[in-house]
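Visitor: Here you go, one structure.
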Amino acid sequence: MKKNLFILIALCGAAFSTSAQQKTYLELLANQPKWVDSVFNKLNRRERIAQMFFVRAHTNLGKKYTDSVGQVIKKEQLGGVIFFQGGPGRQVLATNAYQKLSRVPLIVANDGEWGLGMRLDSTVSYPYQMTLGAIQNKELLYKMGLEIAKDYKRMGMQMNLAPDADINNNPKNPVINYRSFGENKYNVASKVAAYMKGMQDGGLLTTLKHFPGHGDTDVDSHYDLPQLTFSATRLDTLEMYPFKELIKQGASGVMIAHMNIPSLDNTPNLPSTLSKPIVTGILKQKLGFKGLIISDAMDMKGVVKYFKDGEADLMGIIAGNDIIELSENSDRAIKLVRKAVRQDRVSMAEIDQSVRKILTAKYWAGLARRDTIVTQGIVSGVNRNASNALVQELANASVTLLKGKDYIKRLIPIRRTAIISIGVPSVTTFQKEISKGYYNSVYYVLDKDASATQISNIAREIGAFDQVIVGIHDSRARPANNIPLNAGVKNFIKELSAKNAVFALFANPYNLAGLSGLENSKGLVVAYQKEDYMQISAAAVINNRLMPTGKLPVSIAPFYKFGEGL
């Protein structure tokens with residue numbers, strides 16, 4: 001009897017523990033754990049303010065740089081660290097060292113919009129959000145969120161400064177563009193929700209960005225201050241729509257953009273990050289957001305151009321941000337905030353509220369229990385077979401067929417087939433994969449700066465082939481607009497389009513607008529980016545081994561509309 005009672009008590013305790021772990025961050029905020037009180041009460045005023053500052057770190061800049069960040073953490077006892085470029089092994093060593101230097105555990109973050117690979121070598125990069133915007137099965141994005149959460153936790157990180165919730169309704173946007181799920185507010189909100197929930201259910205703090213919406217700008221806020229001249233009604237019904245929906249669905253964090261928005265705050269040259277009417281008035285009060293509010297990087301020109309010498313940091317706190325990301329000088333900023341408290345420019349009660357939110361986030365993410373990250377097997381630990389398989393699954397689900405469904409079905413494997421890759425210097429994965437389905441094939445490669453002679457030689461030779469399959473490849477690190485192909489190469493694409501050729505575009509879909517003639521081609525597959533997994537998916541469609549289900553996440557004037565896909 002006593003044994004059974006003991007088992008029952010143990011099961012109840014386990015059930016209670018599981019229930020406690022399943023609480024969301026927002027639920028925990030409403031009933032803060034005792035750990036938060038115990039830590040908060042040991043912090044003096046300066047230490048509390050320091051919790052609001054997160055410092056930049058890299059592990060690709062040498063030991064001297066890494067150690068200098070450690071010195072800042074030890075001296076200033078900041079709230080968190082945000083890692084940028086480096087490698088997984090080096091970052092884990094630095095994280096262990098930094099945590100030992102901090103009396104209160106640090107929140108460790110980076111911005112991995114497409115996973116660890118956005119910042120770290122030897123790690124998995126998932127497809128960009130523009131590519132994912134074409135996918136019709138949201139469950140795949142939820143699974144991606146879970147996988148990324150596993151990677152972050154293995155790396156000893158608790159926060160991802162993602163996903164991007166901007167609506168890219170300006171094709172010329174230089175800073176968001178392929179980082180957005182697309183131009184349609186409902187599609188963006190739906191896809192962001194799935195990705196966000198996957199990460200949060202996996203125990204990761206997330207950060208929707210860039211509030212109130214950075215999708216319709218033609219200025220990069222890293223280099224200058226963009227201005228949004230739209231009405232408050234337009235911003236409320238369009239740009240803010242995904243943020244409003246995701247706040248309702250339990251978003252744990254929101255990042256504020258550096259943009260001047262006169263319809264929401266008419267203070268000249270004031271970035272939204274520093275605007276109390278926007279951060280507190282709209283995000284906190286009107287939209288009722290209770291989670292962590294994080295500034296965009298405070299070393300960006302969009303914020304420090306007009307507010308120098310630490311004033312931007314102070315104004316960010318006065319505006320209502322909980323976390324000041326990457327201050328140019330956090331020691332100076334903390335002194336300015338202390339002075340502002342004494343001058344009644346900001347109340348200590350408001351700062352204390354932010355600090356409690358940060359400490360609660362630390363508790364929710366498991367930092368109440370000190371732990372050293374195991375360095376052994378770190379690279380294999382963040383390169384799981386399941387992750388790589390999911391990357392291919394996402395690619396397969398995104399690839400979009402705009403033309404030639406029936407024509408591609410009629411391609412004959414034994415016919416003489418020319419397989420051309422344009423924009424690259426050597427044979428591609430796409431060509432090798434295509435040749436598995438077309439046995440009597442020959443490869444041709446045409447570089448982005450090919451000469452007239454090289455182009456005419458290939459044009460002459462392929463005249464003897466029955467079938468022509470063409471891959472157009474962006475050679476740049478990121479899939480931007482204005483694909484770098486010279487005029488002769490673009491004209492060759494136009495000439496091929498008028499013949500019996502099937503094309504696959506491995507580039508930002510906005511590039512369709514600058515590749516005249518593709519609208520007349522016999523077949524057109526959009527594969528969004530240059531990576532091998534996209535080349536494998538596109539080849540599978542042309543080899544009639546994969547039924548494409550992707551839909552365009554953006555419109556490309558004048559021929560293609562959002563949602564198209566055969």
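Every chain in the structure tokens has a letter given in the order shown (A, B, ...), and although residue numbers restart at 1 in each chain, ligands are simply numbered from 1 in the order shown.
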What are the DSSP strand (DSSP E or B) residues of segment 262-477 of chain A, as a ChimeraX atom specification?

Guide: /A:292-295,323-325,400-403,417-422,441-446,467-473

Visitor: May I have the residues within 8 Å of Val69 of chain A as a ChimeraX atom specification, using only C-alpha atoms and disregarding those fewer than 6 positions away in the same chain?

Guide: /A:55-57

Visitor: For Lys172 of chain A, list every protein, DNA or RNA residue within 12 Å, evaluated using only C-alpha atoms, and leave out those in the same chain fewer than 6 positions away; present the list as a list in words.

Guide: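 Contacts, with the query itself left out: Tyr178, Gly215, Asp216, Thr217, Asp218, Val219, Asp220, Ala480, Asn481, Asn482, Asn508, Tyr510, Asn511, Ala513 and Ile556 of chain A.
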
Visitor: As a list in words, please: the residues near Asn396 of chain A (cut-off 8 Å, only C-alpha atoms, same-chain neighbours under 6 positions excluded).

Guide: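 Close residues of Asn396 of chain A: Met534, Ser537, Ala538, Leu546 and Pro548 of chain A.
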
Visitor: Can you spit out the residues from that selection as an mmCIF file, in the first residue's frame, using C-alpha atoms?

Guide:
data_model
loop_
_atom_site.group_PDB
_atom_site.id
_atom_site.type_symbol
_atom_site.label_atom_id
_atom_site.label_comp_id
_atom_site.auth_asym_id
_atom_site.auth_seq_id
_atom_site.Cartn_x
_atom_site.Cartn_y
_atom_site.Cartn_z
ATOM 1 C CA MET A 534 16.898 23.561 -54.565
ATOM 2 C CA SER A 537 14.124 19.644 -56.207
ATOM 3 C CA ALA A 538 13.890 21.476 -59.528
ATOM 4 C CA LEU A 546 8.250 15.318 -58.041
ATOM 5 C CA PRO A 548 5.410 20.644 -57.587
#

Visitor: Using only C-alpha atoms, which of A:Gly156, A:Gly80, A:Gly517, A:Pro226 sits nearest Asn96 of chain A?

Guide: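 Going through A:Gly156, A:Gly80, A:Gly517, A:Pro226 one by one, the smallest distance to Asn96 of chain A is for A:Gly156.
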
Visitor: Have a look at A:Asn520, A:Gln535, A:Ser347, A:Gln129 and name the one nearest to Ile434 of chain A; count only C-alpha atoms.

Guide: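 Smallest distance to Ile434 of chain A is found for A:Gln535.
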
Visitor: In segment 289-481 of chain A, what's helix (DSSP H, G or I) per DSSP? Answer as a ChimeraX atom specification?

Guide: /A:301-304,311-319,330-342,348-364,378-381,385-398,405-409,429-435,452-464

Visitor: Need to verify the contact set: Val188 of chain A, 12 Å, only C-alpha atoms, exclusion of same-chain residues closer than 6 positions in sequence. Can you return it as a VMD selection string?

Guide: chain A and resid 129 to 136 138 163 to 169 179 to 182 194 to 196 208 213 215 238 to 243 245 to 246 553 to 554

Visitor: State, in Å with one decimal place, the distance from atom CA of Gln91 of chain A to atom CA of Gln51 of chain A.

Guide: 21.4 Å

Visitor: Ranking A:Met315, A:Ile334, A:Val104, A:Ala397 by minimum distance to Lys42 of chain A and counting only C-alpha atoms, which one comes first?

Guide: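 Distance minimum relative to Lys42 of chain A lands on A:Val104.
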
Visitor: Which residues are close to Gly198 of chain A, i.e. within 7 Å by only C-alpha atoms, leaving aside same-chain residues fewer than 6 positions away? Reply as a ChimeraX atom specification.

Guide: /A:142-146

Visitor: Could you jot down the atom CA of Ala557 of chain A to atom CA of Asn173 of chain A separation for me, Å, one decimal place?

Guide: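 Distance between the two atoms: 15.2 Å.
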
Visitor: Please list as a PyMOL selection string every residue within 10 Å of Lys432 of chain A, counting only C-alpha atoms and excluding residues in the same chain fewer than 5 positions away.

Guide: chain A and resi 419+427+437+443+535-536+539

Visitor: Quick one: of A:Phe40, A:Phe562, A:Phe465, A:Phe492, who's nearest to Leu446 of chain A, counting only C-alpha atoms?

Guide: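 Using only C-alpha atoms, Leu446 of chain A sits closest to A:Phe492.
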
Visitor: Which residue, A:Gln529, A:Gln32, A:Thr233, A:Thr24, has the smallest gap to Gly250 of chain A when you use only C-alpha atoms?

Guide: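 Closest candidate: A:Thr24.
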
Visitor: With only C-alpha atoms as the atoms that count, which of A:Ile462, A:Leu225, A:Ile318, A:Leu287 lies nearest to Tyr306 of chain A?

Guide: A:Leu225
